[in-house]
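Coordinates as given in query.txt (compact mmCIF, C-alpha atoms):
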# COMPACT_ATOMS: atom_id res chain seq x y z
CA MET A 1275 -42.82 -21.03 31.50
CA THR A 1276 -44.03 -17.55 30.69
CA VAL A 1277 -42.44 -15.11 28.27
CA TYR A 1278 -43.05 -11.50 29.27
CA SER A 1279 -41.37 -9.53 26.54
CA PHE A 1280 -38.84 -9.61 23.75
CA TYR A 1281 -36.58 -6.93 22.27
CA ILE A 1282 -34.15 -6.63 19.37
CA PHE A 1283 -31.52 -3.88 19.30
CA ASP A 1284 -29.45 -3.11 16.21
CA ARG A 1285 -25.81 -2.07 15.94
CA HIS A 1286 -26.78 1.59 16.26
CA ALA A 1287 -28.17 0.92 19.73
CA GLU A 1288 -31.69 1.41 18.47
CA CYS A 1289 -34.60 -0.79 19.51
CA ILE A 1290 -35.84 -2.19 16.21
CA TYR A 1291 -38.40 -4.59 17.59
CA LYS A 1292 -40.30 -5.06 20.83
CA ARG A 1293 -43.10 -7.30 21.82
CA ARG A 1294 -44.91 -7.99 25.07
CA TRP A 1295 -47.09 -10.94 25.85
CA LEU A 1296 -48.48 -10.29 29.28
CA PRO A 1297 -49.75 -7.04 30.68
CA ARG A 1298 -47.39 -5.68 33.26
CA PRO A 1299 -48.50 -6.53 36.75
CA ALA A 1300 -50.50 -3.84 38.56
CA SER A 1301 -51.06 -1.67 35.54
CA ILE A 1302 -54.39 -1.08 33.80
CA ALA A 1303 -55.62 -4.59 34.50
CA GLY A 1304 -56.07 -3.81 38.18
CA LYS A 1305 -58.36 -0.89 37.59
CA SER A 1306 -60.98 -2.67 35.54
CA GLY A 1307 -62.00 -4.40 38.76
CA GLN A 1308 -64.05 -7.58 38.47
CA SER A 1309 -61.78 -9.87 36.41
CA ALA A 1310 -58.43 -8.93 37.88
CA THR A 1311 -56.95 -11.90 39.68
CA PRO A 1312 -55.03 -11.25 42.86
CA ALA A 1313 -51.84 -12.72 41.37
CA ILE A 1314 -51.60 -10.03 38.73
CA SER A 1315 -51.47 -7.18 41.17
CA ALA A 1316 -48.28 -8.54 42.72
CA GLY A 1317 -46.03 -5.91 41.16
CA GLY A 1318 -46.38 -3.46 44.02
CA GLY A 1319 -46.01 0.25 43.45
CA GLN A 1320 -44.88 0.02 39.88
CA THR A 1321 -45.79 3.05 37.82
CA VAL A 1322 -46.98 2.72 34.26
CA ARG A 1323 -44.12 3.65 31.98
CA ALA A 1324 -44.13 4.19 28.29
CA THR A 1325 -42.88 1.03 26.56
CA ASP A 1326 -40.32 3.20 24.86
CA ASP A 1327 -38.67 3.93 28.17
CA ASP A 1328 -38.68 0.25 28.95
CA SER A 1329 -36.64 -0.62 25.91
CA LYS A 1330 -34.15 2.15 26.66
CA LEU A 1331 -33.72 0.86 30.19
CA VAL A 1332 -33.29 -2.68 28.97
CA PHE A 1333 -30.70 -1.57 26.43
CA GLY A 1334 -28.79 0.46 28.97
CA THR A 1335 -28.71 -2.49 31.32
CA VAL A 1336 -27.52 -5.11 28.86
CA PHE A 1337 -25.05 -2.71 27.27
CA SER A 1338 -23.37 -1.85 30.55
CA LEU A 1339 -23.50 -5.39 31.82
CA ARG A 1340 -21.93 -6.73 28.64
CA ASN A 1341 -19.15 -4.16 28.75
CA MET A 1342 -18.44 -4.97 32.35
CA VAL A 1343 -18.43 -8.70 31.64
CA ARG A 1344 -15.95 -8.19 28.82
CA LYS A 1345 -13.71 -6.09 30.98
CA LEU A 1346 -13.56 -8.78 33.62
CA GLY A 1347 -13.69 -11.92 31.51
CA GLY A 1348 -11.97 -10.94 28.29
CA ASP A 1349 -13.28 -9.86 24.89
CA ASP A 1350 -14.94 -13.17 24.11
CA ASP A 1351 -16.89 -13.33 27.32
CA ASN A 1352 -20.58 -12.57 27.40
CA PHE A 1353 -23.37 -12.86 29.90
CA VAL A 1354 -26.20 -15.25 29.24
CA ALA A 1355 -28.93 -14.22 31.63
CA PHE A 1356 -29.61 -12.55 34.94
CA ASN A 1357 -32.26 -13.09 37.55
CA THR A 1358 -34.23 -10.81 39.75
CA SER A 1359 -36.91 -11.88 42.18
CA GLN A 1360 -39.53 -10.99 39.55
CA TYR A 1361 -38.09 -12.01 36.21
CA LYS A 1362 -35.17 -13.47 34.31
CA LEU A 1363 -33.51 -11.57 31.48
CA HIS A 1364 -31.93 -13.62 28.70
CA TYR A 1365 -29.39 -12.17 26.32
CA TYR A 1366 -27.87 -13.16 23.00
CA GLU A 1367 -25.62 -11.04 20.83
CA THR A 1368 -24.55 -11.81 17.26
CA PRO A 1369 -21.09 -10.92 15.91
CA THR A 1370 -22.86 -8.17 13.93
CA ASN A 1371 -23.82 -6.56 17.22
CA ILE A 1372 -27.52 -7.31 17.04
CA LYS A 1373 -28.79 -7.91 20.54
CA PHE A 1374 -31.69 -10.19 21.38
CA VAL A 1375 -33.25 -9.85 24.81
CA MET A 1376 -36.06 -11.86 26.34
CA LEU A 1377 -37.74 -11.45 29.69
CA THR A 1378 -39.31 -14.53 31.19
CA ASP A 1379 -40.44 -15.78 34.57
CA THR A 1380 -37.73 -16.73 37.03
CA LYS A 1381 -38.11 -20.49 36.68
CA SER A 1382 -37.40 -20.65 32.97
CA PRO A 1383 -34.35 -22.60 31.74
CA SER A 1384 -31.65 -20.91 29.65
CA MET A 1385 -33.05 -19.25 26.55
CA ARG A 1386 -29.71 -18.77 24.85
CA ILE A 1387 -30.37 -21.45 22.25
CA ALA A 1388 -33.90 -20.19 21.73
CA LEU A 1389 -32.69 -16.66 21.10
CA GLN A 1390 -30.06 -17.97 18.73
CA GLN A 1391 -32.78 -19.86 16.88
CA ILE A 1392 -34.89 -16.75 16.65
CA TYR A 1393 -31.89 -15.06 15.05
CA ILE A 1394 -31.05 -17.87 12.64
CA ASN A 1395 -34.49 -19.14 11.70
CA LEU A 1396 -36.67 -16.07 12.00
CA TYR A 1397 -34.64 -12.86 11.87
CA VAL A 1398 -32.21 -13.88 9.13
CA GLU A 1399 -34.85 -15.72 7.11
CA TYR A 1400 -37.70 -13.24 7.25
CA VAL A 1401 -36.08 -9.87 7.90
CA VAL A 1402 -32.58 -9.94 6.45
CA LYS A 1403 -33.43 -12.02 3.41
CA ASN A 1404 -36.48 -10.02 2.44
CA PRO A 1405 -34.98 -8.22 -0.54
CA LEU A 1406 -37.39 -5.32 -0.32
CA SER A 1407 -36.85 -4.53 3.31
CA PRO A 1408 -34.15 -1.97 4.06
CA VAL A 1409 -30.75 -3.16 5.25
CA GLU A 1410 -30.92 -1.07 8.39
CA HIS A 1411 -34.12 -0.76 10.34
CA PRO A 1412 -34.48 2.70 11.81
CA GLY A 1413 -37.68 2.84 13.80
CA GLY A 1414 -38.24 -0.87 13.22
CA VAL A 1415 -39.02 -0.57 9.51
CA GLY A 1416 -38.81 -3.96 7.87
CA VAL A 1417 -38.77 -5.96 11.07
CA ASN A 1418 -42.48 -5.49 11.54
CA ASN A 1419 -43.39 -7.81 8.72
CA GLU A 1420 -46.12 -10.40 8.98
CA LEU A 1421 -43.97 -13.46 8.41
CA PHE A 1422 -41.60 -12.51 11.17
CA GLU A 1423 -44.33 -11.52 13.60
CA GLU A 1424 -46.37 -14.64 13.01
CA SER A 1425 -43.48 -17.04 13.25
CA LEU A 1426 -42.25 -15.34 16.39
CA GLU A 1427 -45.69 -15.67 17.88
CA GLN A 1428 -45.76 -19.35 16.98
CA PHE A 1429 -42.26 -19.91 18.26
CA VAL A 1430 -43.06 -18.39 21.60
CA THR A 1431 -46.43 -20.04 22.10
CA ARG A 1432 -45.65 -23.50 20.73
CA VAL A 1433 -41.99 -24.05 21.31
CA LEU A 1434 -41.40 -22.19 24.50
CA SER A 1435 -44.48 -22.87 26.53
CA MET B 405 -8.46 -20.59 15.12
CA SER B 406 -6.16 -22.42 12.72
CA SER B 407 -6.64 -22.16 9.01
CA SER B 408 -7.35 -25.88 8.75
CA LYS B 409 -10.29 -25.41 11.07
CA ALA B 410 -11.57 -22.70 8.76
CA SER B 411 -11.27 -25.08 5.80
CA ARG B 412 -13.23 -27.69 7.70
CA ILE B 413 -16.05 -25.25 8.48
CA GLY B 414 -16.08 -24.21 4.83
CA GLU B 415 -16.36 -27.83 3.71
CA GLU B 416 -18.99 -28.85 6.21
CA THR B 417 -21.36 -25.92 6.01
CA ARG B 418 -24.11 -27.03 3.71
CA ILE B 419 -26.37 -24.59 1.98
CA ASP B 420 -28.91 -24.80 -0.80
CA LYS B 421 -27.31 -24.68 -4.21
CA VAL B 422 -28.39 -22.99 -7.38
CA ASN B 423 -27.22 -23.67 -10.87
CA ALA B 424 -23.83 -21.99 -11.39
CA GLU B 425 -24.65 -20.93 -14.92
CA LEU B 426 -27.74 -19.12 -13.72
CA VAL B 427 -25.55 -17.08 -11.38
CA THR B 428 -22.95 -16.42 -14.07
CA LEU B 429 -25.54 -15.35 -16.60
CA THR B 430 -27.49 -13.22 -14.14
CA TYR B 431 -24.36 -11.43 -13.02
CA GLY B 432 -23.16 -11.01 -16.59
CA THR B 433 -26.49 -9.46 -17.52
CA ILE B 434 -26.22 -6.97 -14.68
CA VAL B 435 -22.75 -5.88 -15.74
CA ALA B 436 -23.78 -5.64 -19.38
CA GLN B 437 -26.81 -3.55 -18.44
CA LEU B 438 -24.68 -1.22 -16.32
CA CYS B 439 -22.23 -0.78 -19.20
CA GLN B 440 -25.15 0.15 -21.38
CA ASP B 441 -26.78 2.45 -18.84
CA TYR B 442 -23.58 4.34 -18.17
CA ASP B 443 -22.53 4.51 -21.83
CA SER B 444 -19.45 2.37 -21.25
CA ASP B 445 -18.17 4.70 -18.54
CA TYR B 446 -16.33 1.82 -16.89
CA GLN B 447 -15.17 3.78 -13.86
CA GLU B 448 -18.81 4.40 -13.08
CA VAL B 449 -19.71 0.76 -13.72
CA ASN B 450 -17.01 -0.32 -11.26
CA LYS B 451 -18.43 2.09 -8.73
CA GLN B 452 -21.99 0.85 -9.18
CA LEU B 453 -20.93 -2.77 -8.90
CA ASP B 454 -19.08 -1.99 -5.69
CA LYS B 455 -22.16 -0.26 -4.32
CA MET B 456 -24.42 -3.17 -5.17
CA GLY B 457 -21.96 -5.53 -3.58
CA TYR B 458 -21.88 -3.42 -0.44
CA ASN B 459 -25.64 -3.76 -0.05
CA ILE B 460 -25.44 -7.49 -0.65
CA GLY B 461 -22.59 -7.88 1.82
CA MET B 462 -24.47 -6.19 4.63
CA ARG B 463 -27.14 -8.88 4.37
CA LEU B 464 -24.99 -11.78 3.37
CA ILE B 465 -22.96 -11.54 6.57
CA GLU B 466 -26.03 -12.42 8.64
CA ASP B 467 -26.68 -15.46 6.50
CA PHE B 468 -23.01 -16.34 6.74
CA LEU B 469 -23.05 -16.18 10.54
CA ALA B 470 -26.34 -18.05 10.80
CA LYS B 471 -25.16 -20.87 8.53
CA SER B 472 -21.56 -21.24 9.61
CA GLY B 473 -22.11 -20.58 13.30
CA VAL B 474 -18.65 -19.07 13.68
CA GLY B 475 -17.90 -16.40 16.24
CA ARG B 476 -15.74 -13.33 16.21
CA CYS B 477 -12.22 -13.62 14.73
CA ALA B 478 -9.31 -12.88 17.03
CA ASN B 479 -7.24 -11.01 14.44
CA PHE B 480 -7.23 -9.92 10.81
CA ARG B 481 -5.31 -13.01 9.70
CA GLU B 482 -8.06 -15.18 11.01
CA THR B 483 -10.59 -12.95 9.27
CA ALA B 484 -8.77 -13.47 5.97
CA ASP B 485 -8.92 -17.25 6.38
CA MET B 486 -12.59 -17.05 7.26
CA ILE B 487 -13.34 -15.03 4.13
CA ALA B 488 -11.39 -17.28 1.80
CA LYS B 489 -12.08 -20.71 3.22
CA VAL B 490 -15.57 -20.31 4.64
CA GLY B 491 -17.20 -17.29 2.99
CA PHE B 492 -16.17 -17.84 -0.62
CA LYS B 493 -16.42 -21.58 -0.13
CA ILE B 494 -20.05 -21.65 0.96
CA PHE B 495 -21.36 -18.92 -1.33
CA LEU B 496 -19.34 -19.38 -4.52
CA ASN B 497 -17.77 -22.79 -3.90
CA VAL B 498 -14.27 -21.48 -4.54
CA ALA B 499 -11.46 -21.00 -2.06
CA PRO B 500 -9.12 -18.18 -3.10
CA THR B 501 -5.57 -18.24 -1.78
CA VAL B 502 -4.67 -15.77 0.94
CA THR B 503 -1.21 -14.36 0.37
CA ASN B 504 1.07 -11.29 0.16
CA TRP B 505 0.60 -10.14 3.74
CA THR B 506 2.18 -6.86 4.69
CA SER B 507 4.39 -7.03 7.77
CA ASP B 508 1.84 -5.20 9.92
CA ASN B 509 -0.77 -7.88 9.10
CA ASN B 510 -3.22 -5.29 7.84
CA GLN B 511 -3.20 -6.04 4.11
CA PHE B 512 -3.47 -9.23 2.14
CA SER B 513 -4.30 -10.47 -1.33
CA LEU B 514 -6.86 -13.00 -2.46
CA ILE B 515 -5.77 -14.92 -5.54
CA PHE B 516 -8.67 -16.48 -7.41
CA ASP B 517 -7.77 -19.63 -9.32
CA GLU B 518 -11.30 -19.84 -10.54
CA ASN B 519 -14.05 -17.25 -10.58
CA PRO B 520 -17.55 -18.46 -11.30
CA LEU B 521 -18.73 -14.91 -12.01
CA ALA B 522 -16.40 -14.65 -14.97
CA ASP B 523 -17.06 -17.96 -16.74
CA PHE B 524 -17.82 -17.46 -20.46
CA VAL B 525 -16.84 -13.79 -20.20
CA GLU B 526 -14.82 -11.86 -22.72
CA LEU B 527 -14.41 -8.13 -22.12
CA PRO B 528 -15.65 -5.80 -24.88
CA ASP B 529 -13.05 -5.05 -27.50
CA ASP B 530 -13.37 -1.28 -27.42
CA GLY B 531 -9.82 -0.58 -26.32
CA ARG B 532 -10.90 0.69 -22.92
CA ALA B 533 -12.74 -2.11 -21.12
CA GLN B 534 -9.50 -4.10 -20.90
CA ASP B 535 -7.89 -1.28 -18.94
CA GLU B 536 -10.79 0.14 -17.00
CA LEU B 537 -13.49 -2.42 -16.21
CA TRP B 538 -13.09 -4.66 -13.20
CA PHE B 539 -15.67 -7.23 -14.16
CA SER B 540 -16.01 -8.90 -10.75
CA ASN B 541 -15.91 -5.65 -8.80
CA ILE B 542 -19.11 -6.58 -6.97
CA LEU B 543 -17.01 -8.91 -4.80
CA CYS B 544 -15.04 -5.96 -3.40
CA GLY B 545 -18.28 -4.35 -2.31
CA VAL B 546 -19.54 -7.57 -0.76
CA LEU B 547 -16.44 -7.85 1.41
CA ARG B 548 -16.63 -4.19 2.39
CA GLY B 549 -20.31 -4.45 3.38
CA ALA B 550 -19.95 -7.74 5.19
CA LEU B 551 -16.91 -6.74 7.21
CA GLU B 552 -18.39 -3.40 8.14
CA MET B 553 -21.19 -5.26 9.89
CA VAL B 554 -18.66 -7.10 12.02
CA GLN B 555 -16.91 -3.89 13.02
CA MET B 556 -14.13 -3.77 10.45
CA GLN B 557 -13.74 -0.96 7.99
CA ILE B 558 -11.79 -2.24 5.00
CA GLU B 559 -10.83 -1.19 1.52
CA ALA B 560 -10.85 -3.73 -1.28
CA HIS B 561 -9.95 -3.49 -4.95
CA PHE B 562 -8.82 -5.71 -7.77
CA VAL B 563 -5.22 -5.34 -8.89
CA SER B 564 -5.27 -7.86 -11.72
CA ASP B 565 -7.79 -9.95 -13.60
CA ILE B 566 -7.31 -12.89 -15.94
CA LEU B 567 -10.04 -11.36 -18.11
CA ARG B 568 -7.71 -8.45 -18.82
CA GLY B 569 -4.94 -10.78 -19.89
CA ASP B 570 -3.16 -10.80 -16.51
CA ASP B 571 -1.68 -14.04 -15.18
CA THR B 572 -3.84 -14.09 -12.07
CA THR B 573 -6.99 -12.60 -10.64
CA GLU B 574 -5.96 -10.79 -7.49
CA MET B 575 -7.92 -8.70 -5.01
CA ARG B 576 -6.15 -6.53 -2.47
CA VAL B 577 -7.84 -6.11 0.90
CA SER B 578 -6.68 -3.61 3.52
CA LEU B 579 -7.92 -3.09 7.03
CA VAL B 580 -8.60 0.58 7.66
CA ARG B 581 -9.73 0.40 11.26
CA TYR B 582 -11.86 -1.49 13.72
CA ILE B 583 -15.19 0.23 14.28
CA GLU B 584 -16.05 1.05 17.87
CA ASP B 585 -19.41 0.05 19.35
CA GLU B 586 -21.99 2.74 18.93
CA MET B 587 -23.37 4.23 22.09
CA PRO B 588 -27.04 5.00 22.55
CA PRO B 589 -27.81 8.66 21.86
CA GLU B 590 -27.56 10.91 24.90
CA GLU B 591 -30.74 11.61 26.77
CA GLU B 592 -31.86 15.19 26.38
Structure rendered as structure tokens:
Amino acid sequence: MTVYSFYIFDRHAECIYKRRWLPRPASIAGKSGQSATPAISAGGGQTVRATDDDSKLVFGTVFSLRNMVRKLGGDDDNFVAFNTSQYKLHYYETPTNIKFVMLTDTKSPSMRIALQQIYINLYVEYVVKNPLSPVEHPGGVGVNNELFEESLEQFVTRVLS
Amino acid sequence: MSSSKASRIGEETRIDKVNAELVTLTYGTIVAQLCQDYDSDYQEVNKQLDKMGYNIGMRLIEDFLAKSGVGRCANFRETADMIAKVGFKIFLNVAPTVTNWTSDNNQFSLIFDENPLADFVELPDDGRAQDELWFSNILCGVLRGALEMVQMQIEAHFVSDILRGDDTTEMRVSLVRYIEDEMPPEEE
């Protein structure tokens, strides 16, 4: 299983953390020539976007989807993941309105539990409980701490792959 | 969710414990220092305690959710049970009684039979502390901060305190409004 990227959005709809593991297909990797494997260039005519735009698009998507799901299925309903032909987007939202989003390859199993574990064991432990980090994280302040980053890295490489 | 289910969650959620006296003494020291810093201006001390509590509450709620694993409450009555039987139970190991509901279900009281923050405490005998200082006022702030994070704006204050010579320690909690989801800022 491959994890492509991971985002956290806070209750103010701001992206407070983002992380990517693999270069986007057909971006810079293709141009450097010799080492680029054919598989990587599969993305077609995708333009290189600023990562900032990516997170806004992801937020817009999950926000609308979640609202639609609640309208149809009641206030307690929530979506877990959706698939495209290229990736699978996994979603977990806490009662405090923090949203965890992970993009993986299409064959991956449900990541709901994994995202919940990231919240409970990594986010709460290393970000929320750090007494010197601010309570809110405008611009990602306080989430970008070493403990959180390292444990997330470990979690994704060891546990998920 | 029934209130007995809330009690069960409160009983079964295990968290690391610290010595109760350490908490009592630490909290007492904070209050004493505030009284000193603000020259026994007890209104101001109450305000500062509430503010500190608010900041604690905003973090504590995440720990609460992570440990207890509970989801969103369906109504304010359920929220009250959650606070009393799960929240206070796992963090302070007490379970205050929820009572005195208003008919619109938006206000209730928490009656504390025991209050670990106030063990060993005797209010200063300066003729004012007994009428002005709410010793455990930090708890009001904690509730306000914690509930704000789960989209409830509330107001909380103490109405009586055994430390002041009252028969009970009672906190009044009122729901002001449910907070709407914030939308992402408009694109330029």
Contact residues around segment 547-554 of chain B with only C-alpha atoms at 6 Å, ignoring same-chain residues under 3 positions, as a PyMOL selection string
(chain A and resi 1369-1370) or (chain B and resi 458+461-462+465+544+557-558)
Within 12 Å of Pro589 of chain B using all atoms listed in the file, minus same-chain residues under 3 positions, as number ranges by chain
A: 1286-1289, 1330, 1333-1334; B: 586, 592
Taken to one decimal, the atom CA of Tyr1393 of chain A-atom CA of Tyr1291 of chain A distance is 12.6 Å
Write down, as a list in words, each residue of chain B that has any atom within 8 Å of an atom of chain A, counting all atoms listed in the file.
Asn459, Met462, Arg463, Glu466, Asp467, Leu469, Ala470, Lys471, Gly475, Arg476, Met553, Val554, Gln555, Asp585, Glu586, Met587 and Pro588 of chain B
Find the spatial neighbours of Asp1379 of chain A, counting all atoms listed in the file, within a cut-off of 10 Å - ignore same-chain residues fewer than 4 positions away - and output them as a PyMOL selection string.
chain A and resi 1275-1278+1357-1363+1383
Distance in Å - atom CA of Leu426 of chain B versus atom CA of Ala522 of chain B:
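Between atom CA of Leu426 of chain B and atom CA of Ala522 of chain B the gap works out to 12.3 Å.
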Please write out, as AutoDock Vina command-line options, where the centre of an axis-aligned box around all listed atoms of segment 554-568 of chain B lies and how long its edges are, in Å to one decimal, after adding 3 Å on each side.
--center_x -11.9 --center_y -6.9 --center_z -2.9 --size_x 19.4 --size_y 17.9 --size_z 37.8
In Å, how far is it from atom CA of Leu464 of chain B to atom CA of Glu518 of chain B?
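Between atom CA of Leu464 of chain B and atom CA of Glu518 of chain B the gap works out to 21.1 Å.
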Considering all atoms listed in the file, return as a PyMOL selection string whatever protein or nucleic-acid residues lie within 12 Å of Ser1384 of chain A, sequence-local ones (same chain, fewer than 3 positions apart) excluded.
chain A and resi 1275+1353-1357+1362-1366+1376-1381+1387-1390+1434
Residue with the minimum atom-to-atom distance to Val1415 of chain A, picked from A:Ile1282, A:Ile1392, A:Val1332, A:Ile1290 with all atoms listed in the file counted, is A:Ile1290
When you look at Gln534 of chain B with a cut-off of 10 Å (counting only C-alpha atoms), what residues show up, excluding the ones that are within fewer than 4 positions of it in the same chain? I need them as a PyMOL selection string.
chain B and resi 446+526-530+538-539+565+567-569
For Val546 of chain B, which residue out of B:Gly491, B:Gly457, B:Pro500, B:Gly473 is the nearest one, using all atoms listed in the file?
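Using all atoms listed in the file, Val546 of chain B sits closest to B:Gly457.
Of the residues under consideration (B:Cys477, B:Val449, B:Met486, B:Gln437), B:Met486 shows the shortest atom-to-atom contact distance to Ile413 of chain B when counting all atoms listed in the file.
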